[in-house]
file protein10.cif (mmCIF, C-alpha atoms)
data_coords
#
loop_
_atom_site.label_atom_id
_atom_site.label_comp_id
_atom_site.auth_asym_id
_atom_site.auth_seq_id
_atom_site.Cartn_x
_atom_site.Cartn_y
_atom_site.Cartn_z
CA GLN C 6 42.18 1.86 0.73
CA GLU C 7 38.42 1.70 0.44
CA GLN C 8 36.93 2.16 -3.00
CA LEU C 9 33.40 1.90 -4.37
CA VAL C 10 32.70 1.62 -8.09
CA GLU C 11 29.13 1.90 -9.34
CA SER C 12 27.96 0.68 -12.73
CA GLY C 13 24.90 -0.51 -14.60
CA GLY C 14 23.08 2.74 -15.23
CA GLY C 15 21.68 3.83 -18.56
CA LEU C 16 18.68 5.10 -20.45
CA VAL C 17 15.50 3.11 -19.97
CA GLN C 18 11.86 3.65 -20.83
CA PRO C 19 9.25 4.09 -18.10
CA GLY C 20 8.26 0.70 -16.76
CA GLY C 21 11.64 -0.78 -17.57
CA SER C 22 14.26 -2.35 -15.35
CA LEU C 23 17.92 -1.90 -14.54
CA ARG C 24 20.34 -3.59 -12.17
CA LEU C 25 23.01 -1.42 -10.62
CA SER C 26 26.25 -2.83 -9.23
CA CYS C 27 28.53 -1.48 -6.53
CA GLU C 28 31.86 -3.25 -6.49
CA ALA C 29 33.81 -2.67 -3.29
CA SER C 30 37.50 -2.95 -2.61
CA GLY C 31 39.06 -2.56 0.80
CA ILE C 32 35.58 -3.14 2.23
CA ARG C 33 34.03 -6.49 3.03
CA VAL C 34 30.41 -5.92 2.09
CA ARG C 35 29.24 -9.02 3.97
CA LEU C 36 30.40 -7.43 7.22
CA GLU C 37 29.08 -3.93 6.60
CA ALA C 38 25.74 -2.20 6.34
CA MET C 39 25.50 -0.85 2.81
CA ALA C 40 23.16 1.58 1.09
CA TRP C 41 22.23 3.01 -2.26
CA TYR C 42 21.71 6.72 -2.66
CA ARG C 43 20.58 8.89 -5.52
CA GLN C 44 20.90 12.53 -6.41
CA ALA C 45 18.83 14.27 -9.03
CA PRO C 46 19.89 17.64 -10.49
CA GLY C 47 19.15 20.43 -8.03
CA LYS C 48 18.16 18.03 -5.27
CA GLN C 49 19.87 16.65 -2.20
CA ARG C 50 21.28 13.18 -2.13
CA GLU C 51 18.79 10.72 -0.66
CA MET C 52 19.10 7.16 0.51
CA VAL C 53 16.81 4.80 -1.36
CA ALA C 54 17.76 1.40 0.05
CA SER C 55 19.94 -0.15 2.72
CA ILE C 56 20.96 -3.59 3.85
CA THR C 57 22.47 -4.54 7.20
CA ALA C 58 25.25 -7.03 7.71
CA ARG C 59 22.57 -9.51 8.75
CA GLY C 60 20.60 -8.92 5.59
CA SER C 61 17.74 -6.76 6.82
CA THR C 62 16.63 -4.27 4.22
CA LYS C 63 14.91 -0.88 4.24
CA TYR C 64 13.57 1.21 1.42
CA ALA C 65 12.45 4.75 0.85
CA ASP C 66 8.69 4.95 0.41
CA SER C 67 9.18 6.19 -3.14
CA VAL C 68 10.85 2.95 -4.25
CA LYS C 69 9.27 0.38 -1.94
CA GLY C 70 7.98 -2.60 -3.88
CA ARG C 71 9.96 -1.64 -6.99
CA PHE C 72 13.61 -1.71 -5.89
CA THR C 73 15.52 -4.53 -4.23
CA ILE C 74 18.94 -4.29 -2.60
CA PHE C 75 21.04 -7.41 -2.24
CA ARG C 76 24.66 -8.45 -2.14
CA ASP C 77 26.93 -11.15 -3.47
CA SER C 78 29.60 -11.72 -0.84
CA ALA C 79 31.71 -13.84 -3.19
CA LYS C 80 31.92 -10.92 -5.62
CA ASN C 81 32.07 -8.34 -2.81
CA THR C 82 29.37 -6.45 -4.67
CA VAL C 83 26.10 -4.84 -3.68
CA TYR C 84 23.30 -4.61 -6.21
CA LEU C 85 20.16 -2.56 -6.69
CA GLN C 86 17.51 -4.20 -8.83
CA MET C 87 15.17 -1.52 -10.10
CA ASN C 88 11.85 -2.47 -11.67
CA SER C 89 8.87 -0.46 -12.87
CA LEU C 90 11.09 2.56 -13.31
CA LYS C 91 9.52 6.00 -13.40
CA PRO C 92 10.82 9.30 -14.79
CA GLU C 93 11.22 10.55 -11.22
CA ASP C 94 13.81 7.81 -10.63
CA THR C 95 16.15 9.69 -12.95
CA ALA C 96 19.28 10.51 -10.96
CA ALA C 97 22.91 9.63 -10.38
CA TYR C 98 23.08 6.60 -8.11
CA TYR C 99 25.80 5.97 -5.55
CA CYS C 100 26.56 3.38 -2.91
CA ASN C 101 28.07 3.90 0.53
CA ARG C 102 27.27 3.03 4.09
CA PRO C 103 23.99 4.15 5.67
CA PRO C 104 24.03 7.29 7.81
CA GLY C 105 24.89 6.70 11.44
CA THR C 106 26.94 3.56 10.80
CA GLY C 107 30.31 5.29 10.59
CA PHE C 108 32.14 7.81 8.50
CA PHE C 109 31.23 7.70 4.84
CA TRP C 110 33.79 6.12 2.57
CA SER C 111 34.96 8.19 -0.36
CA TRP C 112 32.10 8.53 -2.81
CA GLY C 113 32.46 6.82 -6.16
CA GLN C 114 31.71 8.40 -9.49
CA GLY C 115 28.15 7.12 -9.43
CA THR C 116 26.14 5.69 -12.29
CA GLN C 117 23.52 7.71 -14.17
CA VAL C 118 20.00 6.38 -14.54
CA THR C 119 17.71 8.17 -16.97
CA VAL C 120 14.09 7.09 -17.29
CA SER C 121 12.51 8.62 -20.36
CA SER C 122 10.43 7.72 -23.36
#
call {"tool": "encode", "arguments": {"input": "protein10.cif", "output": "structure tokens"}}
result
Amino acid sequence: QEQLVESGGGLVQPGGSLRLSCEASGIRVRLEAMAWYRQAPGKQREMVASITARGSTKYADSVKGRFTIFRDSAKNTVYLQMNSLKPEDTAAYYCNRPPGTGFFWSWGQGTQVTVSS
């Protein structure tokens, strides 16, 4: 059964960095398009980054140049490197497949990122 487990969130000051991890089981991340999403309180979930099976990446304009999505096939894990964090990046972050690439897998518990001084 497919399972996604996110980790790596925390409290960080503006301008800081975090690396989020999404460990997959029952899913071979090297064969799938994968994405990171975030949801802030009172807002809809939005996709912030995606990576195709071939390694092509896309980013939301709000994170372009600051976030990087990549994967480690040996660890079957997808990462989100987040630099130059801003308070508006505060949200719960989740991984799943991008829209339009198939049915969503069950959502994990997410990992909370809080950017505050």
call {"tool": "resolve_selection", "arguments": {"input": "protein10.cif", "expression": "the PyMOL selection byres ((chain C and resi 8) around 9)", "output": "PyMOL selection string"}}
result
chain C and resi 6-7+9-10+28-32+110-113
call {"tool": "residues_near_point", "arguments": {"input": "protein10.cif", "point": "(31.5, -12.0, -3.9)", "cutoff": "10 Å", "atoms": "only C-alpha atoms", "output": "JSON, numbers by chain"}}
result
{"C": [28, 29, 33, 34, 35, 76, 77, 78, 79, 80, 81, 82, 83]}
call {"tool": "closest_residue", "arguments": {"input": "protein10.cif", "among": "C:Arg24, C:Val53, C:Asn88, C:Pro19", "to": "C:Asn101", "atoms": "only C-alpha atoms"}}
result
C:Val53
call {"tool": "residues_around", "arguments": {"input": "protein10.cif", "residues": "C:Tyr84", "least_positions_apart": "2", "cutoff": "6 Å", "atoms": "only C-alpha atoms", "output": "ChimeraX atom specification"}}
result
/C:25-26,74-76
call {"tool": "axis_aligned_box", "arguments": {"input": "protein10.cif", "around": "stretch 29-40 of chain C", "padding_each_side": "8 Å", "output": "JSON"}}
result
{"center_x": 31.1, "center_y": -3.7, "center_z": 2.0, "size_x": 31.9, "size_y": 26.6, "size_z": 26.5}
